[in-house]
Each structure stands twice: as C-alpha cells, then as structure tokens.
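Written below as structure tokens is the structure these notes are about.
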Amino acid sequence: MLELAYLREHTDRVRKALRDRGLPDSELDAFLRIDAQRRQAITDVEGLKAERNRANAEIGRLKKERQDASALMLRMKEVSAQIKQLDQRADELDAQVRQWLLTLPNLPHESVPVGRSPAENAEVRRWGTPPAFDFEPKPHWDSGVSLGLLDFERASKMAGARFVVYTGLGARLERALADFMLDVHGREHGYHEVLPPFVINSAALVGTGQLPRFAGDLFKLGDTDYWLSPTAEVQVTNLFRDQTFRADALPLKFCAWTANFRSEAGSYGKETRGIVRQHQFQKVELVKFARPEQSYDELESLTQDAEVILQKLGLPYRVVALCTGDLGFAAAKTYDLEVWLPGQNTYKEISSCSNFEAFQARRAGIRYRVPGKSRSDYVHTLNGSGLAVGRTWMAVIENYQQADGSVVIPEALRPYMGGLERLEPSRGLFLDTFL
C-alpha cells in the first residue's frame, strides 16, 4: 500500500508511474475525487465545530445575563446534526480511500525499464550453454510419462485438470530437489528455515497484497475466512505482522518449503500441457526483511542465491529485469530467472525475485526502530522462489535427457537420490502394472 501523504504531494509522479504500468488515469482520478470529498467533509466539520464552540460561549453569556438564547440553541441542534452527518460521511469516505489504496499497485523503482508487455523486459545476463542433442529432445510431459515418473490421468480422475501424480523416482526427485534447495539456502546462504501452515486467513493475504484485488486467483475454503496459500511469501511475511524489529536485527532471511495453490483464473488455454502451470505446486520461497537503505543490495544477493541453485544443478538460465507493464502488483522491481527447456525450445520463468519496498510492510504493519531516532519506520520486504520445485524438476528431465530415453541425475542431487545416477524406464513406477 502506498502512503496517502505521498499520493497527495506527488500526484504527477504517481500518475506517470501508473501510466507506465499500463493503468488508465481514471485509477488515480477516482482517488482524487474521493479524497477531495473526504477533506472537504473534514473541513466542513471543523468549521461547524468552531461555530458550535463560539455559540456555546455566547449561549453561556446570554444565560448568565438572563437573556433569551433559544434561537441560538435551536441553531446548535441543527449544527450538531450536521456534524454527525458529516462525521459519518467522512468515515465512509475514509473507508473508500482505504479500499482504493488496497487495490492500487506499487510504484516502479526508477531503474525498472519502461514497457507495456513481456516483450519489453530487459535481459541482464545469461549463465550456461543450452545442451546440444543429436536427437530431437522431448518435452517433460512425454519423457516423464514414458519413464513412469508422472501420471496425469489418475490425477485428473481424483482432482481434475492441472494436477499431477508424481510416482516412484519422480516423487523422490521432487522431494530431493526441495531438500537440496533448503540445505543450500540454510547451510550456505544463511536463511532461517520455517514450515508454516498451508492455510491462511484474509488478513494475511491483505498484508502481502493478494487481497482484495486477486481473490479470483485463490482457492477459498467454503464459508470460512480460510484460504489455501498461493505462495509461502504470505505466511513468512506475516510472521511479523504488526511488529517492530530492532534495527540491528536487519536484514533477516527466511526460507520455507510449502505446497501452493492457485486457481489460475484467466489463464485457461495457456501452458496447459505438463507441469508448467498447475493448480497445486511445491516451491521453496526466500523472504527478506531489510532497512530501506539495504533493500536493493539485498535484492541483488537474493537473486544470486536463487541463481546458485540453477548453477549447482548445471541448468542454463537467463536473468531478466521486468518492465513496468510486466511487474507484479506489489513489486517495485523484479528479476525473473528463466531456465532453458530444450524439449520446449524456450526459456521459462522458474523464479521471480522482487523488492516490494515498504508496500507490503505498510499493509501488514511491519516496522523497525530507526537507529538514533525516537521513531520507527516501515521495513522493506523482498522475496523470490529459490526455486519452484516442479519447474526445476521439468528442467532437469529436459536438460539431462539421453538418446535412449533415460535421464542423467545431476551430480549435486545424487546424494539426495541414494546415489542413483540415472532415471531409466525399467526403474519407473508404472501404476498400470499392478492391474
């Protein structure tokens, strides 16, 4: 959430930033109208209260002098009724302003490239060389099924489209990747690991920006205030909702593995094959809390921490700075890591690393004590996938596939796979063999 005073004092900058994001001027104009009405109501109330104070003094004087004050007292009854009505109106307008602020996206950082679509994102760097094959590489949805690692049909019977069952070594590979990521981030990068609930309440989602604007992208649990978590960013950020850090405690770094659930509203027909875009997927999330002067250095290091996972796995990737029109709702700046998928002949996002500045902290009430000052200020929050486990799974399957249909396991993962070096059809778990 943006600061109300900043919106009023820097309207032109906010208008340009929203235009750069692709939002119409009407977004800001609606706020300006409501805010002007609210301030006018407050001004009118203050004027009427001043009039009432003067009249009360005059009524006291008239009564003391035994003069008739009835007309003035009648007028004050009318004034009191007007004050009550205007106070109610101001409260209603306050609620409208608050609601509007909750639906307004963050302002892009000055270093974010201006653009309207992903085509205008800026490539920052590449790592690794895409593998060369002397055969036609398969997409993971073919090789995963042929190796007995994935079962889409049974997942569809029990849950519907956009779900998958990992079987046998496919399930073990998913678990191995998550354990590997958590170990690297915990032991080598210094993140504190947490395992939060997968179910969250509305206040948590408001705090990180998913509500109220993106309710349609989430799964709600019936007639309750509970939702299935769309990302561990929500839980980990809300660990400190309405709390104040010691300044010397920052920056703080946390990592968490969770299942994540998204309805993917509006994405039907996009990336429906394989495990690219699922209703349920697992992810290792990285979250940081930092002082404002630290946060952009922390964004660079968070991005590098996520990159290390890809490097240790030997997976080629590129880093892309998102343009203004492609930024997420709460982000001030984002780097996407895109891994190479030879079976699909494209780079695909595997992590988004973002600095939200004070946007989430202002919504969630997360502050720090300013060194040398008798006040507190809002922290900056950051997060990124370190990594999306399912997409890393498919990247391993596609990049390490062999001509005979087998898949070589990256060396970094072999200790997590019991020393196994290769996935082969003979070792897969084909559930039909039990029938």
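Each chain of the structure tokens is named A, B, ... in the order shown, its residues numbered from 1; ligands are numbered from 1 in display order.
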Open item on the list: Among region 88-267 of chain A, which ones does DSSP assign to strand (DSSP E) (computed from the backbone)? Answer as a VMD selection string.
Closed with: chain A and resid 122 to 127 150 to 151 165 to 166 192 to 194 199 to 201 226 to 228 244 to 245 252 to 261
Go ahead and write the selection's residues with C-alpha atoms as a PDB file, in the first residue's frame.
ATOM      1  CA  ALA A 122      15.416  -6.386 -20.400  1.00  0.00           C
ATOM      2  CA  GLU A 123      17.791  -9.342 -20.379  1.00  0.00           C
ATOM      3  CA  VAL A 124      20.515  -8.772 -17.760  1.00  0.00           C
ATOM      4  CA  ARG A 125      22.759 -11.829 -18.120  1.00  0.00           C
ATOM      5  CA  ARG A 126      22.932 -15.488 -19.104  1.00  0.00           C
ATOM      6  CA  TRP A 127      24.587 -18.450 -17.465  1.00  0.00           C
ATOM      7  CA  LEU A 150       4.320 -38.725 -13.908  1.00  0.00           C
ATOM      8  CA  ASP A 151       0.675 -39.776 -14.090  1.00  0.00           C
ATOM      9  CA  VAL A 165       0.717 -37.514  -9.536  1.00  0.00           C
ATOM     10  CA  TYR A 166       4.488 -37.946  -9.204  1.00  0.00           C
ATOM     11  CA  HIS A 192      16.294 -19.445   8.674  1.00  0.00           C
ATOM     12  CA  GLU A 193      14.031 -22.325   7.677  1.00  0.00           C
ATOM     13  CA  VAL A 194      10.367 -22.350   8.705  1.00  0.00           C
ATOM     14  CA  VAL A 199      -3.986 -22.466   5.197  1.00  0.00           C
ATOM     15  CA  ILE A 200      -4.137 -18.725   5.866  1.00  0.00           C
ATOM     16  CA  ASN A 201      -6.678 -16.042   6.732  1.00  0.00           C
ATOM     17  CA  TYR A 226      -9.570 -19.529   5.392  1.00  0.00           C
ATOM     18  CA  TRP A 227      -7.766 -19.741   2.061  1.00  0.00           C
ATOM     19  CA  LEU A 228      -5.239 -22.160   0.566  1.00  0.00           C
ATOM     20  CA  THR A 244       8.655  -3.803  15.123  1.00  0.00           C
ATOM     21  CA  PHE A 245      12.193  -5.109  14.537  1.00  0.00           C
ATOM     22  CA  LEU A 252      16.649 -11.061   8.201  1.00  0.00           C
ATOM     23  CA  LYS A 253      16.406 -14.029   5.826  1.00  0.00           C
ATOM     24  CA  PHE A 254      13.902 -16.884   5.863  1.00  0.00           C
ATOM     25  CA  CYS A 255      13.231 -19.851   3.606  1.00  0.00           C
ATOM     26  CA  ALA A 256      10.222 -22.153   3.523  1.00  0.00           C
ATOM     27  CA  TRP A 257       9.041 -25.158   1.529  1.00  0.00           C
ATOM     28  CA  THR A 258       5.278 -25.314   1.018  1.00  0.00           C
ATOM     29  CA  ALA A 259       2.654 -26.582  -1.343  1.00  0.00           C
ATOM     30  CA  ASN A 260       0.981 -23.701  -3.165  1.00  0.00           C
ATOM     31  CA  PHE A 261      -2.495 -23.474  -4.649  1.00  0.00           C
TER      32      PHE A 261
END
Open item on the list: Which residues are close to Lys283 (chain A), i.e. within 10 Å by only C-alpha atoms, leaving aside same-chain residues fewer than 6 positions away? Reply as a PyMOL selection string.
Closed with: chain A and resi 177-178+181+231-232+256-260+350-351+385-392
Which of region 17-250 of chain A counts as helix (DSSP H, G or I) under DSSP, as a compact mmCIF listing (two decimals) with N, CA and C atoms, in the first residue's frame please?
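And here is the file that came out, selection_27.txt:
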# COMPACT_ATOMS: atom_id res chain seq x y z
N ALA A 17 3.75 6.99 -13.07
CA ALA A 17 4.11 5.62 -12.71
C ALA A 17 2.98 4.65 -13.06
N LEU A 18 1.75 5.06 -12.80
CA LEU A 18 0.62 4.20 -13.12
C LEU A 18 0.45 4.06 -14.63
N ARG A 19 0.70 5.14 -15.36
CA ARG A 19 0.64 5.05 -16.82
C ARG A 19 1.71 4.08 -17.32
N ASP A 20 2.93 4.15 -16.74
CA ASP A 20 4.00 3.25 -17.14
C ASP A 20 3.60 1.79 -16.89
N SER A 26 -7.94 7.11 -14.97
CA SER A 26 -9.15 7.02 -14.14
C SER A 26 -8.86 6.36 -12.80
N GLU A 27 -7.82 5.49 -12.72
CA GLU A 27 -7.46 4.87 -11.45
C GLU A 27 -7.13 5.92 -10.41
N LEU A 28 -6.32 6.90 -10.81
CA LEU A 28 -5.92 7.96 -9.88
C LEU A 28 -7.01 9.00 -9.73
N ASP A 29 -7.69 9.31 -10.81
CA ASP A 29 -8.75 10.33 -10.75
C ASP A 29 -9.84 9.94 -9.76
N ALA A 30 -10.16 8.66 -9.69
CA ALA A 30 -11.18 8.19 -8.74
C ALA A 30 -10.75 8.49 -7.32
N PHE A 31 -9.48 8.22 -7.03
CA PHE A 31 -8.97 8.51 -5.69
C PHE A 31 -9.01 10.00 -5.39
N LEU A 32 -8.58 10.82 -6.35
CA LEU A 32 -8.53 12.26 -6.11
C LEU A 32 -9.92 12.82 -5.81
N ARG A 33 -10.93 12.30 -6.49
CA ARG A 33 -12.30 12.76 -6.22
C ARG A 33 -12.74 12.36 -4.81
N ILE A 34 -12.50 11.12 -4.45
CA ILE A 34 -12.91 10.65 -3.13
C ILE A 34 -12.14 11.41 -2.04
N ASP A 35 -10.84 11.56 -2.24
CA ASP A 35 -10.03 12.24 -1.23
C ASP A 35 -10.43 13.70 -1.08
N ALA A 36 -10.76 14.35 -2.20
CA ALA A 36 -11.20 15.76 -2.13
C ALA A 36 -12.52 15.86 -1.36
N GLN A 37 -13.42 14.93 -1.60
CA GLN A 37 -14.69 14.93 -0.87
C GLN A 37 -14.45 14.69 0.62
N ARG A 38 -13.55 13.78 0.92
CA ARG A 38 -13.25 13.47 2.33
C ARG A 38 -12.65 14.69 3.02
N ARG A 39 -11.70 15.33 2.40
CA ARG A 39 -11.08 16.50 3.03
C ARG A 39 -12.07 17.66 3.17
N GLN A 40 -12.98 17.79 2.17
CA GLN A 40 -13.98 18.85 2.28
C GLN A 40 -14.93 18.56 3.44
N ALA A 41 -15.29 17.29 3.61
CA ALA A 41 -16.16 16.93 4.74
C ALA A 41 -15.49 17.24 6.06
N ILE A 42 -14.20 16.93 6.17
CA ILE A 42 -13.46 17.22 7.40
C ILE A 42 -13.38 18.72 7.64
N THR A 43 -13.12 19.49 6.56
CA THR A 43 -13.05 20.95 6.69
C THR A 43 -14.40 21.51 7.14
N ASP A 44 -15.48 20.98 6.57
CA ASP A 44 -16.82 21.46 6.95
C ASP A 44 -17.11 21.12 8.40
N VAL A 45 -16.72 19.95 8.85
CA VAL A 45 -16.93 19.56 10.25
C VAL A 45 -16.16 20.49 11.18
N GLU A 46 -14.92 20.75 10.82
CA GLU A 46 -14.12 21.64 11.66
C GLU A 46 -14.72 23.04 11.73
N GLY A 47 -15.26 23.52 10.60
CA GLY A 47 -15.91 24.83 10.60
C GLY A 47 -17.15 24.84 11.49
N LEU A 48 -17.95 23.78 11.40
CA LEU A 48 -19.16 23.70 12.22
C LEU A 48 -18.81 23.56 13.70
N LYS A 49 -17.77 22.82 14.00
CA LYS A 49 -17.38 22.67 15.40
C LYS A 49 -16.87 24.00 15.96
N ALA A 50 -16.16 24.74 15.14
CA ALA A 50 -15.71 26.06 15.59
C ALA A 50 -16.90 26.98 15.83
N GLU A 51 -17.89 26.90 14.92
CA GLU A 51 -19.12 27.69 15.12
C GLU A 51 -19.82 27.28 16.40
N ARG A 52 -19.87 25.96 16.67
CA ARG A 52 -20.54 25.47 17.88
C ARG A 52 -19.82 25.94 19.14
N ASN A 53 -18.50 25.95 19.08
CA ASN A 53 -17.74 26.42 20.25
C ASN A 53 -18.03 27.90 20.54
N ARG A 54 -18.06 28.69 19.46
CA ARG A 54 -18.36 30.11 19.66
C ARG A 54 -19.79 30.30 20.17
N ALA A 55 -20.72 29.52 19.60
CA ALA A 55 -22.12 29.65 20.01
C ALA A 55 -22.32 29.22 21.46
N ASN A 56 -21.62 28.13 21.86
CA ASN A 56 -21.75 27.68 23.24
C ASN A 56 -21.28 28.75 24.22
N ALA A 57 -20.21 29.44 23.82
CA ALA A 57 -19.74 30.54 24.68
C ALA A 57 -20.77 31.67 24.73
N GLU A 58 -21.38 31.95 23.59
CA GLU A 58 -22.38 33.01 23.53
C GLU A 58 -23.64 32.62 24.31
N ILE A 59 -24.04 31.34 24.19
CA ILE A 59 -25.20 30.86 24.94
C ILE A 59 -24.95 30.99 26.44
N GLY A 60 -23.73 30.66 26.87
CA GLY A 60 -23.39 30.81 28.28
C GLY A 60 -23.49 32.25 28.74
N ARG A 61 -23.01 33.15 27.87
CA ARG A 61 -23.07 34.58 28.23
C ARG A 61 -24.51 35.06 28.32
N LEU A 62 -25.36 34.65 27.34
CA LEU A 62 -26.74 35.10 27.34
C LEU A 62 -27.48 34.58 28.58
N LYS A 63 -27.26 33.31 28.91
CA LYS A 63 -27.93 32.76 30.08
C LYS A 63 -27.47 33.46 31.36
N LYS A 64 -26.19 33.79 31.40
CA LYS A 64 -25.65 34.47 32.58
C LYS A 64 -26.28 35.83 32.73
N SER A 70 -32.69 30.86 23.13
CA SER A 70 -33.40 29.74 22.49
C SER A 70 -33.12 29.63 21.00
N ALA A 71 -33.07 30.76 20.32
CA ALA A 71 -32.83 30.72 18.87
C ALA A 71 -31.44 30.15 18.57
N LEU A 72 -30.47 30.58 19.36
CA LEU A 72 -29.10 30.10 19.15
C LEU A 72 -28.99 28.62 19.53
N MET A 73 -29.70 28.20 20.56
CA MET A 73 -29.68 26.80 20.96
C MET A 73 -30.34 25.92 19.90
N LEU A 74 -31.39 26.42 19.28
CA LEU A 74 -32.04 25.69 18.20
C LEU A 74 -31.08 25.53 17.02
N ARG A 75 -30.36 26.60 16.74
CA ARG A 75 -29.38 26.55 15.65
C ARG A 75 -28.30 25.51 15.96
N MET A 76 -27.89 25.42 17.24
CA MET A 76 -26.84 24.47 17.60
C MET A 76 -27.31 23.02 17.48
N LYS A 77 -28.61 22.76 17.69
CA LYS A 77 -29.14 21.42 17.47
C LYS A 77 -29.00 21.03 16.00
N GLU A 78 -29.26 22.01 15.12
CA GLU A 78 -29.11 21.76 13.69
C GLU A 78 -27.63 21.52 13.35
N VAL A 79 -26.77 22.34 13.97
CA VAL A 79 -25.32 22.19 13.71
C VAL A 79 -24.83 20.83 14.20
N SER A 80 -25.26 20.39 15.36
CA SER A 80 -24.85 19.08 15.89
C SER A 80 -25.28 17.96 14.96
N ALA A 81 -26.50 18.06 14.42
CA ALA A 81 -26.98 17.05 13.48
C ALA A 81 -26.14 17.05 12.21
N GLN A 82 -25.76 18.25 11.73
CA GLN A 82 -24.91 18.35 10.54
C GLN A 82 -23.53 17.75 10.80
N ILE A 83 -23.00 18.02 12.01
CA ILE A 83 -21.69 17.47 12.35
C ILE A 83 -21.73 15.95 12.36
N LYS A 84 -22.80 15.40 12.93
CA LYS A 84 -22.94 13.94 12.97
C LYS A 84 -23.00 13.35 11.57
N GLN A 85 -23.78 13.99 10.69
CA GLN A 85 -23.90 13.51 9.32
C GLN A 85 -22.56 13.60 8.59
N LEU A 86 -21.87 14.72 8.77
CA LEU A 86 -20.58 14.91 8.09
C LEU A 86 -19.52 13.96 8.63
N ASP A 87 -19.55 13.69 9.96
CA ASP A 87 -18.61 12.72 10.52
C ASP A 87 -18.85 11.34 9.92
N GLN A 88 -20.11 10.95 9.79
CA GLN A 88 -20.43 9.67 9.17
C GLN A 88 -19.96 9.63 7.72
N ARG A 89 -20.18 10.75 7.02
CA ARG A 89 -19.76 10.83 5.61
C ARG A 89 -18.23 10.73 5.52
N ALA A 90 -17.53 11.42 6.41
CA ALA A 90 -16.06 11.35 6.40
C ALA A 90 -15.58 9.93 6.68
N ASP A 91 -16.25 9.22 7.61
CA ASP A 91 -15.88 7.83 7.89
C ASP A 91 -16.10 6.95 6.67
N GLU A 92 -17.22 7.17 5.97
CA GLU A 92 -17.50 6.40 4.75
C GLU A 92 -16.44 6.67 3.69
N LEU A 93 -16.07 7.92 3.54
CA LEU A 93 -15.05 8.28 2.55
C LEU A 93 -13.68 7.76 2.96
N ASP A 94 -13.40 7.75 4.28
CA ASP A 94 -12.15 7.14 4.77
C ASP A 94 -12.07 5.68 4.35
N ALA A 95 -13.17 4.96 4.51
CA ALA A 95 -13.21 3.54 4.14
C ALA A 95 -13.01 3.37 2.64
N GLN A 96 -13.59 4.28 1.84
CA GLN A 96 -13.42 4.21 0.39
C GLN A 96 -11.97 4.47 0.01
N VAL A 97 -11.34 5.45 0.67
CA VAL A 97 -9.93 5.74 0.40
C VAL A 97 -9.07 4.53 0.75
N ARG A 98 -9.34 3.93 1.91
CA ARG A 98 -8.58 2.75 2.34
C ARG A 98 -8.75 1.62 1.33
N GLN A 99 -9.98 1.38 0.91
CA GLN A 99 -10.23 0.32 -0.05
C GLN A 99 -9.53 0.59 -1.36
N TRP A 100 -9.56 1.83 -1.79
CA TRP A 100 -8.90 2.19 -3.04
C TRP A 100 -7.39 1.98 -2.92
N LEU A 101 -6.80 2.38 -1.79
CA LEU A 101 -5.36 2.20 -1.60
C LEU A 101 -4.98 0.72 -1.66
N LEU A 102 -5.86 -0.14 -1.17
CA LEU A 102 -5.56 -1.57 -1.17
C LEU A 102 -5.58 -2.16 -2.58
N THR A 103 -6.18 -1.49 -3.53
CA THR A 103 -6.24 -2.00 -4.91
C THR A 103 -5.25 -1.31 -5.84
N PRO A 118 5.75 -8.27 -21.75
CA PRO A 118 6.97 -9.03 -21.52
C PRO A 118 8.00 -8.88 -22.64
N ALA A 119 7.54 -8.55 -23.83
CA ALA A 119 8.48 -8.36 -24.94
C ALA A 119 9.45 -7.22 -24.67
N GLU A 120 9.11 -6.34 -23.75
CA GLU A 120 9.96 -5.18 -23.45
C GLU A 120 10.75 -5.36 -22.16
N HIS A 140 9.02 -32.59 -21.13
CA HIS A 140 8.94 -33.41 -19.91
C HIS A 140 7.65 -34.19 -19.81
N TRP A 141 6.57 -33.70 -20.43
CA TRP A 141 5.31 -34.44 -20.32
C TRP A 141 5.34 -35.75 -21.10
N ASP A 142 6.24 -35.84 -22.09
CA ASP A 142 6.42 -37.12 -22.79
C ASP A 142 7.39 -38.02 -22.03
N SER A 143 8.58 -37.49 -21.73
CA SER A 143 9.59 -38.32 -21.08
C SER A 143 9.18 -38.68 -19.66
N GLY A 144 8.49 -37.75 -18.95
CA GLY A 144 8.06 -38.05 -17.59
C GLY A 144 7.09 -39.21 -17.54
N VAL A 145 6.18 -39.28 -18.51
CA VAL A 145 5.22 -40.38 -18.57
C VAL A 145 5.91 -41.67 -19.02
N SER A 146 6.76 -41.57 -20.04
CA SER A 146 7.41 -42.78 -20.57
C SER A 146 8.38 -43.39 -19.57
N PHE A 152 -0.72 -38.19 -15.25
CA PHE A 152 -1.71 -37.12 -15.37
C PHE A 152 -3.14 -37.66 -15.34
N GLU A 153 -3.34 -38.85 -15.90
CA GLU A 153 -4.69 -39.41 -16.00
C GLU A 153 -5.28 -39.67 -14.62
N ARG A 154 -4.51 -40.26 -13.73
CA ARG A 154 -5.04 -40.56 -12.41
C ARG A 154 -5.24 -39.28 -11.60
N ALA A 155 -4.37 -38.30 -11.78
CA ALA A 155 -4.57 -37.02 -11.10
C ALA A 155 -5.85 -36.37 -11.58
N SER A 156 -6.14 -36.47 -12.87
CA SER A 156 -7.35 -35.89 -13.42
C SER A 156 -8.59 -36.56 -12.86
N LYS A 157 -8.54 -37.88 -12.65
CA LYS A 157 -9.70 -38.60 -12.12
C LYS A 157 -10.00 -38.18 -10.68
N MET A 158 -8.96 -37.91 -9.91
CA MET A 158 -9.19 -37.60 -8.50
C MET A 158 -9.34 -36.11 -8.22
N LEU A 169 10.33 -42.83 -8.57
CA LEU A 169 11.51 -41.95 -8.58
C LEU A 169 11.15 -40.52 -8.98
N GLY A 170 10.01 -40.35 -9.66
CA GLY A 170 9.56 -39.00 -9.95
C GLY A 170 9.22 -38.25 -8.68
N ALA A 171 8.54 -38.95 -7.74
CA ALA A 171 8.23 -38.34 -6.44
C ALA A 171 9.50 -38.12 -5.64
N ARG A 172 10.42 -39.07 -5.72
CA ARG A 172 11.67 -38.91 -4.97
C ARG A 172 12.49 -37.75 -5.51
N LEU A 173 12.50 -37.57 -6.82
CA LEU A 173 13.24 -36.46 -7.41
C LEU A 173 12.65 -35.11 -6.96
N GLU A 174 11.33 -35.02 -6.91
CA GLU A 174 10.69 -33.79 -6.42
C GLU A 174 11.12 -33.50 -4.98
N ARG A 175 11.10 -34.54 -4.14
CA ARG A 175 11.49 -34.37 -2.74
C ARG A 175 12.98 -34.04 -2.63
N ALA A 176 13.80 -34.69 -3.45
CA ALA A 176 15.24 -34.45 -3.42
C ALA A 176 15.56 -33.00 -3.77
N LEU A 177 14.87 -32.48 -4.78
CA LEU A 177 15.11 -31.10 -5.18
C LEU A 177 14.78 -30.13 -4.05
N ALA A 178 13.65 -30.35 -3.38
CA ALA A 178 13.26 -29.47 -2.28
C ALA A 178 14.28 -29.54 -1.15
N ASP A 179 14.70 -30.77 -0.78
CA ASP A 179 15.69 -30.91 0.29
C ASP A 179 17.01 -30.25 -0.09
N PHE A 180 17.42 -30.44 -1.32
CA PHE A 180 18.66 -29.82 -1.81
C PHE A 180 18.58 -28.30 -1.71
N MET A 181 17.48 -27.72 -2.17
CA MET A 181 17.33 -26.26 -2.12
C MET A 181 17.36 -25.74 -0.69
N LEU A 182 16.63 -26.41 0.20
CA LEU A 182 16.59 -25.96 1.59
C LEU A 182 17.97 -26.06 2.24
N ASP A 183 18.69 -27.12 1.94
CA ASP A 183 20.03 -27.28 2.51
C ASP A 183 20.97 -26.18 2.02
N VAL A 184 20.94 -25.89 0.73
CA VAL A 184 21.83 -24.85 0.20
C VAL A 184 21.48 -23.48 0.81
N HIS A 185 20.22 -23.15 0.83
CA HIS A 185 19.83 -21.84 1.35
C HIS A 185 20.06 -21.74 2.86
N GLY A 186 19.85 -22.84 3.57
CA GLY A 186 20.05 -22.80 5.01
C GLY A 186 21.52 -22.84 5.40
N ARG A 187 22.26 -23.81 4.87
CA ARG A 187 23.64 -24.01 5.29
C ARG A 187 24.61 -23.03 4.64
N GLU A 188 24.40 -22.73 3.37
CA GLU A 188 25.36 -21.91 2.65
C GLU A 188 24.97 -20.43 2.59
N SER A 202 -7.70 -14.10 5.75
CA SER A 202 -7.79 -12.97 4.83
C SER A 202 -6.81 -11.86 5.20
N ALA A 203 -6.63 -11.62 6.50
CA ALA A 203 -5.73 -10.54 6.93
C ALA A 203 -4.31 -10.77 6.42
N ALA A 204 -3.87 -12.03 6.42
CA ALA A 204 -2.53 -12.33 5.91
C ALA A 204 -2.43 -12.01 4.43
N LEU A 205 -3.46 -12.34 3.67
CA LEU A 205 -3.46 -12.08 2.22
C LEU A 205 -3.56 -10.60 1.91
N VAL A 206 -4.28 -9.85 2.74
CA VAL A 206 -4.32 -8.39 2.56
C VAL A 206 -2.93 -7.82 2.82
N GLY A 207 -2.25 -8.35 3.84
CA GLY A 207 -0.93 -7.84 4.19
C GLY A 207 0.09 -7.92 3.09
N THR A 208 0.04 -8.98 2.29
CA THR A 208 1.03 -9.13 1.21
C THR A 208 0.50 -8.70 -0.16
N ALA A 215 -8.64 -12.01 -5.47
CA ALA A 215 -9.38 -13.11 -4.85
C ALA A 215 -9.70 -14.20 -5.86
N GLY A 216 -9.93 -13.84 -7.12
CA GLY A 216 -10.27 -14.82 -8.15
C GLY A 216 -9.15 -15.76 -8.48
N ASP A 217 -7.91 -15.44 -8.09
CA ASP A 217 -6.77 -16.32 -8.35
C ASP A 217 -6.54 -17.33 -7.24
N ALA A 232 4.34 -19.19 -0.15
CA ALA A 232 4.81 -19.04 1.22
C ALA A 232 5.24 -17.62 1.53
N GLU A 233 5.37 -16.78 0.53
CA GLU A 233 5.59 -15.34 0.75
C GLU A 233 4.58 -14.79 1.74
N VAL A 234 3.33 -15.25 1.64
CA VAL A 234 2.27 -14.74 2.51
C VAL A 234 2.54 -15.11 3.95
N GLN A 235 2.77 -16.39 4.23
CA GLN A 235 2.95 -16.82 5.61
C GLN A 235 4.22 -16.24 6.22
N VAL A 236 5.32 -16.30 5.48
CA VAL A 236 6.59 -15.88 6.07
C VAL A 236 6.60 -14.37 6.32
N THR A 237 6.06 -13.58 5.40
CA THR A 237 5.98 -12.14 5.63
C THR A 237 5.12 -11.85 6.85
N ASN A 238 4.01 -12.58 6.99
CA ASN A 238 3.09 -12.34 8.10
C ASN A 238 3.57 -12.89 9.43
N LEU A 239 4.71 -13.53 9.48
CA LEU A 239 5.29 -13.92 10.76
C LEU A 239 5.46 -12.70 11.67
N PHE A 240 5.65 -11.54 11.06
CA PHE A 240 5.96 -10.33 11.85
C PHE A 240 4.93 -9.23 11.66
N ALA A 247 16.66 -2.48 14.87
CA ALA A 247 17.37 -2.11 13.65
C ALA A 247 18.57 -3.03 13.40
N ASP A 248 19.26 -3.43 14.49
CA ASP A 248 20.45 -4.25 14.31
C ASP A 248 20.13 -5.70 13.97
N ALA A 249 18.83 -6.06 13.99
CA ALA A 249 18.43 -7.41 13.59
C ALA A 249 18.34 -7.57 12.09
Open item on the list: as a list in words, please: the residues near Leu313 (chain A) (cut-off 9 Å, only C-alpha atoms, same-chain neighbours under 3 positions excluded).
Closed with: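 The residues satisfying every condition are Val308, Ile309, Leu310, Val396, Pro410, Glu411, Ala412 and Leu413 of chain A.
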Task: d(CA of Gly128 (chain A), CA of Gly314 (chain A)) in Å - done: 7.4 Å
